[in-house]
Amino acid sequence: MVIGVRVDAERCCGSGNCAFTLPEVFDQDPSDGRVVLLQNRPHSGVLDLVREAADLCPSGAIELTE
Amino acid sequence: MADETQAAAHQEAHREAQAVQAADREPTFPRERTCPFAPPAEYARWQAEQPVAEVVLPSGQDAWLLTRHQDVRAMLDDPRFSADSAHPGFPRMYRQAVPQVLKGTFLRMDGADHLRYRRMLGKEFTAKGAKEMRPLVERTVDGLLDRMAEQGSPADLVTALAYPVPSTTICGVLGVPYEDRARFEDSTRVMISGRSTPEEVVRAKEEILGYLTGLVAAKEREPGDDLISRLLEEQVATGELDRDEVPVLAWLLLAAGHDTTASMIGLGALLLMEHADQLAALRSDPGLVAGAVEELLRHQTIMQIGMNRVALEDVRIGDRTVRAGEGVVAQLMAANRDPEVFADPDRFDITRSARGHVAFGYGPHQCLGQMLARVELQVTLARLFERFPKLRTVRPVAEIPFRHHMFGLYGVTELMVEW
Ligand code: HEM
Ligand code: SF4
């Protein structure tokens, strides 16, 4: 199974939760701390962590599409 | 300008009306603790029976108290609620009028205005940046543990370790020169000590702000590799930020990051010493420390009053309607013990998955310094028990001084330990 990931940098408050949870998929812009998506279709091995990152995001900036 | 005067007059009238109302109303929130390690018992009862409870605050205002994890998260991430304490309906925890909010206090701003500040400061507090701070935090902690070892058992962990770790770390971030630290720490100590009078606290705050204003001027002349210099060079130079806001931002970071982290270090060390089995597990597998810190944050949520907001529109929460202009309090301690999210929530278990706790709040105001706080807590607690494997408290819990008043942060004011 694959999952699609979308991020909305406009809503992001730079909490760092996503980059802390799954640095291979989420990074932060070094100029303002906003989310940068590194992979929009992460491999199945990290699905649980992708879901965790989306759930932990405090500003609803991470969207998953099954 | 006329509008502002009018709004101020309106607010004043509103406050007076509420002061009259306050005189004959008994507050029903916050409640007192009965166990030093658990939230007041009423919060769990409210959570089960009245998750959106009507309470009377110490100011005499009515407010809605949220205790469920789901409601707390939803409200804190809902733009129909405002963090602006100048709003007449904003829930106040004291009878006294709110002190004037200094320009730059993004903690009390909403929407795009607020996010603008998060982005100016965001680069300083990324997850990666915090990781890069780890060696510095390790050196700080090791130095403090060396000094404890030299001075010998027993020691007060609060003054020997819990405060100096965040203080040294934040001084490093802000670029406070080494030779100024003592002066800086004296004022901070007064400001955060549970024993200072309100007047002493105000004076200490002014002293620190005065010191930081001077520091900003010094960085203008001679920039360094630090947050203040970067704000001056990047944001003030481009007109994005007022020069006068820089000391306010520095002060906010200091105030938000110092006492909080120190409180968690003290409580965290104590809770681990009180749970010998958990401590043994942690010592035999240092990889558990990250999870242990999340569980400590969940179990000992130091923001014990709540996160306050005011509704800008009518909003339905559960089966209640919060009207525009009404105050709402999100009880983080209660949310972190919601059995719907954390099984057997009163149990302290460093191996459970505590992620998803709201100890750092939720929504766009969620703690800016959380990644740094995590590094400080992980390094300090891991190194402390590594260095002193036999560390134990000198006195039984009943004789350890906790900050018992339900306002402000929770914590221990002294923690005598021996090894
Ligand atoms: C264990 C330690 C800490 C705890 C429990 C904690 C908790 C919190 C909480 C609950 C909030 C949300 C406030 C709200 O929604 O109104 C917050 C905000 C904030 N924290 Fe922390 N904090 C900690 C450490 C730190 C550190 C180390 C720093 C910085 C060096 C920091 C800086 C801030 C700032 C600047 C805000 C305001 C964010 C905003 O309004 O956008 N905190 N913190
Ligand atoms: S968790 Fe959400 S708010 Fe935090 S950095 Fe990632 S996308 Fe931004």
# chains A, B, ... in the order shown; residues from 1 in each chain; ligands from 1

$ residues_around --residues "Glu52 in chain A" --least-positions-apart "5" --cutoff "12 Å" --atoms "only C-alpha atoms" --output "PyMOL selection string"
(chain A and resi 17-22+46-47+57-58+62-64) or (chain B and resi 353-356)

$ closest_atom_pairs --of "chain B" --to "ligand 2" --cutoff "9 Å" --atoms "only C-alpha atoms and all ligand atoms" --output "Markdown table"
| residue | atom | partner | partner_atom_place_in_ligand_line | distance |
| --- | --- | --- | --- | --- |
| B:Thr126 | CA | ligand 2 | 5 (S) | 8.0 |
| B:Ala127 | CA | ligand 2 | 5 (S) | 8.6 |
| B:Gly363 | CA | ligand 2 | 3 (S) | 8.1 |
| B:Pro364 | CA | ligand 2 | 3 (S) | 7.1 |
| B:Gln366 | CA | ligand 2 | 3 (S) | 8.6 |

$ write_last_selection --atoms "N, CA, C and O atoms" --output "short mmCIF file (atom, residue, chain, number, x, y, z; two decimals), in the first residue's frame"
data_model
loop_
_atom_site.label_atom_id
_atom_site.label_comp_id
_atom_site.auth_asym_id
_atom_site.auth_seq_id
_atom_site.Cartn_x
_atom_site.Cartn_y
_atom_site.Cartn_z
N THR B 126 14.30 24.69 14.92
CA THR B 126 13.89 23.52 14.15
C THR B 126 14.35 22.23 14.85
O THR B 126 15.21 22.26 15.73
N ALA B 127 13.78 21.12 14.41
CA ALA B 127 14.16 19.82 14.97
C ALA B 127 15.65 19.56 14.72
O ALA B 127 16.38 19.11 15.59
N GLY B 363 -2.08 23.38 18.26
CA GLY B 363 -2.45 24.50 17.40
C GLY B 363 -1.22 25.36 17.10
O GLY B 363 -0.10 25.00 17.47
N PRO B 364 -1.45 26.48 16.44
CA PRO B 364 -0.31 27.29 15.97
C PRO B 364 0.58 27.85 17.09
O PRO B 364 1.71 28.20 16.83
N GLN B 366 1.56 26.07 19.59
CA GLN B 366 2.28 24.98 20.25
C GLN B 366 3.74 25.38 20.43
O GLN B 366 4.35 25.97 19.54
#

$ select_by_dssp --residues "range 205-399 of chain B" --states "strand (DSSP E)" --output "ChimeraX atom specification"
/B:307-311,315-317,320-322,327-330,392-393

$ write_last_selection --atoms "C-alpha atoms" --output "compact mmCIF listing (two decimals), in the first residue's frame"
# COMPACT_ATOMS: atom_id res chain seq x y z
CA MET B 307 -4.45 27.49 27.91
CA ASN B 308 -6.95 30.32 27.70
CA ARG B 309 -8.79 31.54 24.62
CA VAL B 310 -11.86 33.63 23.80
CA ALA B 311 -14.46 32.65 21.18
CA VAL B 315 -18.83 27.46 18.28
CA ARG B 316 -20.30 24.08 19.09
CA ILE B 317 -18.08 21.94 21.37
CA ARG B 320 -22.62 22.78 24.24
CA THR B 321 -22.53 26.04 22.33
CA VAL B 322 -19.83 28.51 23.23
CA GLY B 327 -13.90 32.39 27.49
CA VAL B 328 -12.62 28.85 27.17
CA VAL B 329 -9.89 27.13 29.18
CA ALA B 330 -8.13 24.07 27.73
CA ARG B 392 18.21 9.13 45.83
CA THR B 393 16.15 11.78 47.58

$ residues_near_ligand --ligand "ligand 1" --cutoff "7 Å" --atoms "only C-alpha atoms and all ligand atoms" --output "ChimeraX atom specification"
/B:83,106-108,114,118,166,170,252-254,256-258,260-261,264,297,301-303,307-308,359-362,364-370,372-373

$ closest_residue --among "B:Ala86, B:Val248, B:Val52, B:Val375" --to "chain A" --atoms "only C-alpha atoms"
B:Val375

$ closest_atom_pairs --of "chain A" --to "chain B" --cutoff "6 Å" --atoms "only C-alpha atoms" --output "CSV"
residue,atom,partner,partner_atom,distance
A:Cys13,CA,B:Pro364,CA,5.4
A:Gly14,CA,B:Gly122,CA,5.8
A:Gly16,CA,B:Ala127,CA,5.1
A:Phe20,CA,B:Ala127,CA,5.6
A:Pro30,CA,B:Lys123,CA,5.4
A:Ser31,CA,B:Lys123,CA,5.4
A:Asp32,CA,B:Lys123,CA,4.6
A:Gly33,CA,B:Gly122,CA,4.4
A:Leu56,CA,B:Gly356,CA,5.9
A:Pro58,CA,B:Gly363,CA,4.4
A:Ser59,CA,B:Gly363,CA,4.8

$ atom_distance --atom1 "CA of Arg33 in chain B" --atom2 "CA of Glu414 in chain B"
18.7 Å
